[in-house]
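Quick look at upload-v2.tsv (TSV, C-alpha atoms):
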```tsv
chain	number	residue	atom	x	y	z
A	125	MET	CA	13.43	-12.82	16.55
A	126	LEU	CA	12.88	-16.39	15.40
A	127	TRP	CA	10.75	-16.89	12.30
A	128	ASP	CA	8.26	-19.73	12.50
A	129	ALA	CA	8.22	-21.29	9.02
A	130	ASN	CA	5.14	-23.37	9.79
A	131	GLN	CA	3.23	-20.31	10.97
A	132	ILE	CA	4.27	-18.35	7.90
A	133	ASP	CA	3.06	-21.18	5.67
A	134	HIS	CA	-0.22	-21.40	7.59
A	135	GLU	CA	-0.88	-17.66	7.28
A	136	LEU	CA	-0.12	-17.68	3.55
A	137	LYS	CA	-2.53	-20.57	3.04
A	138	GLN	CA	-5.20	-18.71	5.01
A	139	ALA	CA	-4.69	-15.66	2.80
A	140	LYS	CA	-4.99	-17.77	-0.36
A	141	GLU	CA	-8.22	-19.36	0.87
A	142	THR	CA	-9.73	-15.98	1.76
A	143	LEU	CA	-8.56	-13.92	-1.22
A	144	HIS	CA	-8.36	-16.40	-4.13
A	145	ASP	CA	-11.33	-14.79	-5.94
A	146	LEU	CA	-10.67	-11.22	-4.86
A	147	GLY	CA	-10.58	-9.41	-8.20
A	148	THR	CA	-8.36	-6.46	-9.11
A	149	ALA	CA	-7.12	-4.74	-5.96
A	150	VAL	CA	-5.26	-1.57	-5.03
A	151	THR	CA	-3.27	-1.40	-1.79
A	152	ILE	CA	-3.12	1.79	0.24
A	153	PHE	CA	-0.27	2.15	2.75
A	154	GLY	CA	-0.04	4.84	5.43
A	155	SER	CA	0.42	5.70	9.08
A	156	ALA	CA	-1.60	4.19	11.92
A	157	ARG	CA	-1.05	7.40	13.90
A	158	ILE	CA	-3.08	9.82	11.77
A	159	PRO	CA	-6.42	10.74	13.43
A	160	GLU	CA	-9.79	11.01	11.74
A	161	ASP	CA	-9.82	14.83	11.85
A	162	ASN	CA	-6.55	15.04	9.90
A	163	ASP	CA	-6.60	16.19	6.28
A	164	TYR	CA	-4.60	13.11	5.25
A	165	TYR	CA	-7.30	10.85	6.71
A	166	GLN	CA	-10.01	12.62	4.75
A	167	ALA	CA	-7.93	12.58	1.56
A	168	THR	CA	-7.43	8.84	1.94
A	169	VAL	CA	-11.16	8.23	2.34
A	170	GLU	CA	-11.78	10.21	-0.86
A	171	VAL	CA	-9.07	8.39	-2.83
A	172	ALA	CA	-10.21	4.96	-1.67
A	173	GLN	CA	-13.86	5.73	-2.38
A	174	LYS	CA	-13.12	6.84	-5.95
A	175	ILE	CA	-11.02	3.75	-6.58
A	176	ALA	CA	-13.76	1.57	-5.10
A	177	GLU	CA	-16.45	3.22	-7.21
A	178	ALA	CA	-14.37	2.37	-10.28
A	179	GLY	CA	-14.72	-1.31	-9.40
A	180	PHE	CA	-11.49	-2.03	-7.57
A	181	VAL	CA	-11.00	-3.82	-4.28
A	182	ILE	CA	-9.18	-1.84	-1.57
A	183	ILE	CA	-6.52	-3.49	0.59
A	184	SER	CA	-5.03	-1.87	3.68
A	185	GLY	CA	-3.09	-2.98	6.72
A	186	GLY	CA	-6.35	-3.25	8.62
A	187	GLY	CA	-5.40	-0.98	11.51
A	188	PRO	CA	-6.30	2.57	12.54
A	189	GLY	CA	-5.29	5.87	10.94
A	190	ILE	CA	-4.72	5.85	7.19
A	191	MET	CA	-5.52	2.14	7.09
A	192	ALA	CA	-8.96	2.76	8.56
A	193	ALA	CA	-9.50	5.64	6.14
A	194	ALA	CA	-8.70	3.36	3.19
A	195	ASN	CA	-11.14	0.71	4.36
A	196	GLN	CA	-13.78	3.34	5.15
A	197	GLY	CA	-13.49	4.73	1.63
A	198	ALA	CA	-13.86	1.23	0.22
A	199	ILE	CA	-17.08	0.69	2.17
A	200	GLN	CA	-18.43	4.08	1.07
A	201	GLY	CA	-17.58	3.15	-2.51
A	202	LYS	CA	-19.40	-0.17	-2.10
A	203	ALA	CA	-16.34	-2.32	-2.80
A	204	GLU	CA	-14.68	-5.22	-1.07
A	205	SER	CA	-12.61	-3.85	1.81
A	206	VAL	CA	-9.67	-6.04	2.86
A	207	GLY	CA	-7.62	-5.60	6.01
A	208	LEU	CA	-4.32	-7.44	6.49
A	209	ASN	CA	-3.97	-7.03	10.24
A	210	ILE	CA	-0.70	-7.56	12.10
A	211	VAL	CA	-0.40	-8.50	15.76
A	212	LEU	CA	1.74	-5.83	17.46
A	213	PRO	CA	2.25	-4.82	21.10
A	214	ARG	CA	0.85	-1.33	20.40
A	215	GLU	CA	-0.70	0.89	17.71
A	216	GLN	CA	-2.32	-1.88	15.72
A	217	HIS	CA	-5.95	-2.78	16.34
A	218	PRO	CA	-8.43	-3.82	13.65
A	219	ASN	CA	-10.59	-1.05	12.21
A	220	PRO	CA	-14.34	-1.66	11.76
A	221	TYR	CA	-14.48	-1.12	7.99
A	222	GLN	CA	-13.31	-4.53	6.76
A	223	THR	CA	-15.39	-6.95	4.71
A	224	LYS	CA	-12.51	-9.42	4.61
A	225	SER	CA	-10.11	-9.49	7.53
A	226	LEU	CA	-6.94	-11.52	7.96
A	227	LYS	CA	-4.68	-11.60	11.00
A	228	PHE	CA	-0.93	-12.14	10.69
A	229	SER	CA	1.53	-12.79	13.48
A	230	GLN	CA	4.58	-12.01	11.33
A	231	PHE	CA	5.40	-9.42	8.70
A	232	ILE	CA	6.70	-11.81	6.02
A	233	PRO	CA	3.38	-13.45	5.07
A	234	ARG	CA	1.54	-10.14	5.46
A	235	LYS	CA	3.86	-8.39	2.99
A	236	LEU	CA	3.68	-11.29	0.55
A	237	THR	CA	-0.09	-11.04	0.66
A	238	PHE	CA	-0.01	-7.30	-0.12
A	239	PHE	CA	2.28	-7.97	-3.07
A	240	ASN	CA	0.52	-11.08	-4.40
A	241	TYR	CA	-2.96	-9.57	-4.56
A	242	SER	CA	-2.35	-5.92	-5.58
A	243	SER	CA	-2.19	-4.35	-9.03
A	244	ALA	CA	-1.18	-0.87	-7.80
A	245	PHE	CA	0.20	0.67	-4.61
A	246	ILE	CA	-0.59	4.06	-3.09
A	247	CYS	CA	1.55	5.46	-0.29
A	248	MET	CA	-0.15	8.06	1.83
A	249	PRO	CA	1.93	9.85	4.48
A	250	GLY	CA	3.45	7.52	7.02
A	251	GLY	CA	6.48	6.67	9.11
A	252	PHE	CA	8.98	3.81	9.17
A	253	GLY	CA	6.37	1.12	8.48
A	254	THR	CA	5.09	2.93	5.40
A	255	LEU	CA	8.63	3.59	4.19
A	256	ASP	CA	9.49	-0.07	4.66
A	257	GLU	CA	6.49	-1.12	2.54
A	258	LEU	CA	7.28	1.51	-0.10
A	259	PHE	CA	10.92	0.54	-0.50
A	260	GLU	CA	10.15	-3.17	-0.58
A	261	VAL	CA	7.62	-2.65	-3.38
A	262	LEU	CA	10.09	-0.50	-5.31
A	263	THR	CA	12.84	-3.10	-4.88
A	264	LEU	CA	10.66	-6.03	-5.94
A	265	ILE	CA	9.41	-4.25	-9.05
A	266	GLN	CA	12.84	-2.99	-10.11
A	267	THR	CA	14.39	-6.46	-9.68
A	268	GLY	CA	11.57	-8.16	-11.58
A	269	LYS	CA	10.33	-10.16	-8.62
A	270	LEU	CA	6.98	-8.37	-8.79
A	271	LYS	CA	5.12	-7.41	-11.93
A	272	ARG	CA	5.51	-3.78	-12.91
A	273	SER	CA	2.70	-1.91	-11.16
A	274	PRO	CA	2.15	1.80	-10.54
A	275	VAL	CA	3.52	3.07	-7.22
A	276	ILE	CA	1.91	6.39	-6.27
A	277	LEU	CA	3.11	8.76	-3.56
A	278	PHE	CA	0.19	10.92	-2.46
A	279	ASP	CA	0.78	14.53	-1.36
A	280	ASN	CA	3.64	16.50	-2.81
A	281	ASP	CA	4.25	18.46	0.39
A	282	PHE	CA	4.97	15.25	2.29
A	283	TRP	CA	6.92	13.27	-0.32
A	284	ALA	CA	8.61	15.96	-2.44
A	285	GLN	CA	12.06	15.77	-0.85
A	286	LEU	CA	12.19	11.97	-1.11
A	287	PHE	CA	10.95	12.06	-4.70
A	288	ALA	CA	13.55	14.69	-5.59
A	289	TRP	CA	16.25	12.52	-4.01
A	290	PHE	CA	15.14	9.64	-6.22
A	291	LYS	CA	15.50	11.88	-9.29
A	292	THR	CA	18.82	13.44	-8.34
A	293	SER	CA	21.06	11.41	-6.03
A	294	LEU	CA	19.83	8.02	-7.22
A	295	MET	CA	19.10	8.70	-10.88
A	296	ASP	CA	22.06	10.99	-11.46
A	297	GLN	CA	24.46	8.34	-10.18
A	298	LYS	CA	22.65	5.60	-12.13
A	299	LEU	CA	21.70	3.73	-8.97
A	300	ILE	CA	18.16	3.14	-10.22
A	301	SER	CA	16.87	2.26	-13.67
A	302	VAL	CA	16.20	5.05	-16.14
A	303	ASP	CA	12.61	3.90	-16.61
A	304	THR	CA	11.75	4.05	-12.89
A	305	PHE	CA	9.58	7.10	-13.38
A	306	ASP	CA	7.47	5.27	-15.92
A	307	TRP	CA	5.82	3.59	-12.92
A	308	VAL	CA	6.64	5.74	-9.84
A	309	TYR	CA	4.57	8.90	-9.42
A	310	ILE	CA	3.87	11.74	-7.02
A	311	VAL	CA	0.35	13.24	-7.02
A	312	ASN	CA	-1.89	15.62	-5.14
A	313	SER	CA	-5.41	14.51	-6.03
A	314	SER	CA	-7.69	11.54	-6.38
A	315	GLU	CA	-8.23	12.51	-10.02
A	316	GLU	CA	-4.51	12.06	-10.72
A	317	VAL	CA	-4.61	8.67	-9.02
A	318	MET	CA	-7.44	7.55	-11.28
A	319	GLU	CA	-5.63	8.79	-14.39
A	320	ILE	CA	-2.56	6.73	-13.48
A	321	LEU	CA	-4.61	3.59	-12.83
A	322	LYS	CA	-6.28	4.08	-16.22
A	323	LYS	CA	-2.94	4.70	-17.94
A	324	HIS	CA	-1.58	1.41	-16.62
A	325	HIS	CA	-4.78	-0.50	-17.41
A	326	VAL	CA	-5.05	-1.61	-13.79
```
I need this file expressed as structure tokens, please.
Amino acid sequence: MLWDANQIDHELKQAKETLHDLGTAVTIFGSARIPEDNDYYQATVEVAQKIAEAGFVIISGGGPGIMAAANQGAIQGKAESVGLNIVLPREQHPNPYQTKSLKFSQFIPRKLTFFNYSSAFICMPGGFGTLDELFEVLTLIQTGKLKRSPVILFDNDFWAQLFAWFKTSLMDQKLISVDTFDWVYIVNSSEEVMEILKKHHV
């Protein structure tokens, strides 16, 4: 794939114009493949609504599944609901719950926009795309390229093995910083999410 530097620059400028006065925002990542009748969808709506009611903007990837649930919760919580949509051959289509909607043709400017405008990151269950976003956030924070922000994995049943691997294989061999778990969390409820946001003065 060839990256179009001019297009990347254009999309970043569009994002800046649209989001320059956004306010404090929380990004919610998660799978596009999770249907509305799934427990994870409903949990995401609840989490996003509580965050929105506390005065935060919600940012999602703008598509279906968990992304739609995040934007739906934002609307129900009467907050700004941002969707950073990506043009893909399948799976991605804009959900109807966005008050601000941006369309990206490439992942680079989309990811930069997530990182530039978010003060916390919540990872709901998801596949390779969600894992990619999670590990990029973790890498940028640990290397000091992104300000230290809480990264929250939601649902112990889904994330427990990965979280345990962080704490054993990676931590035990000193492959990650000892203070990683001052800002990386695993939770099971919206109440825990709110406690973490409060703890970090998001």
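Among A:Leu136, A:Val275, A:Ile300, A:Leu146, the residue with the shortest atom-to-atom distance to Phe180 in chain A, counting only C-alpha atoms, is A:Leu146.
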### Message
Measuring between all atoms listed in the file, which one of A:Ala193, A:Leu143, A:Leu277, A:Ile320 shows the shortest distance to Asn240 in chain A?
### Response
A:Leu143
Produce a table with one row for each residue of range 224-325 of chain A that has an atom at most 8 Å from any atom of range 195-209 of chain A, each row naming the nearest atom pair and its distance in Å at one decimal; use all atoms listed in the file; arrange rows by chain and rising residue number; format as JSON lines.
```
{"residue": "A:Lys224", "atom": "CA", "partner": "A:Val206", "partner_atom": "CA", "distance": 4.7}
{"residue": "A:Ser225", "atom": "CA", "partner": "A:Gly207", "partner_atom": "CA", "distance": 4.9}
{"residue": "A:Leu226", "atom": "CA", "partner": "A:Leu208", "partner_atom": "CA", "distance": 5.1}
{"residue": "A:Lys227", "atom": "CA", "partner": "A:Asn209", "partner_atom": "CA", "distance": 4.7}
{"residue": "A:Phe228", "atom": "CA", "partner": "A:Asn209", "partner_atom": "CA", "distance": 6.0}
{"residue": "A:Arg234", "atom": "CA", "partner": "A:Leu208", "partner_atom": "CA", "distance": 6.5}
{"residue": "A:Phe238", "atom": "CA", "partner": "A:Leu208", "partner_atom": "CA", "distance": 7.9}
```
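One finds CA of Ser155 in chain A at 5.5 Å from CA of Ile190 in chain A.
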### Task
Can you pull out every residue within 10 Å of Asp303 in chain A, counting all atoms listed in the file, but drop anything in the same chain fewer than 5 positions away, and send it as a PyMOL selection string?
chain A and resi 266+295+308
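CA of Pro220 in chain A is found 8.7 Å from CA of Gly186 in chain A.
Every protein or nucleic acid residue with an atom no more than 8 Å from Ser242 in chain A, counting only C-alpha atoms and leaving out same-chain residues fewer than 6 positions away, appears here: Thr148, Ala149, Val150, Thr151 and Ile183 of chain A.
If you measure from each of A:Ala156, A:Lys137, A:Gly179, A:Lys269 to Leu212 in chain A using all atoms listed in the file, the closest one turns out to be A:Ala156.
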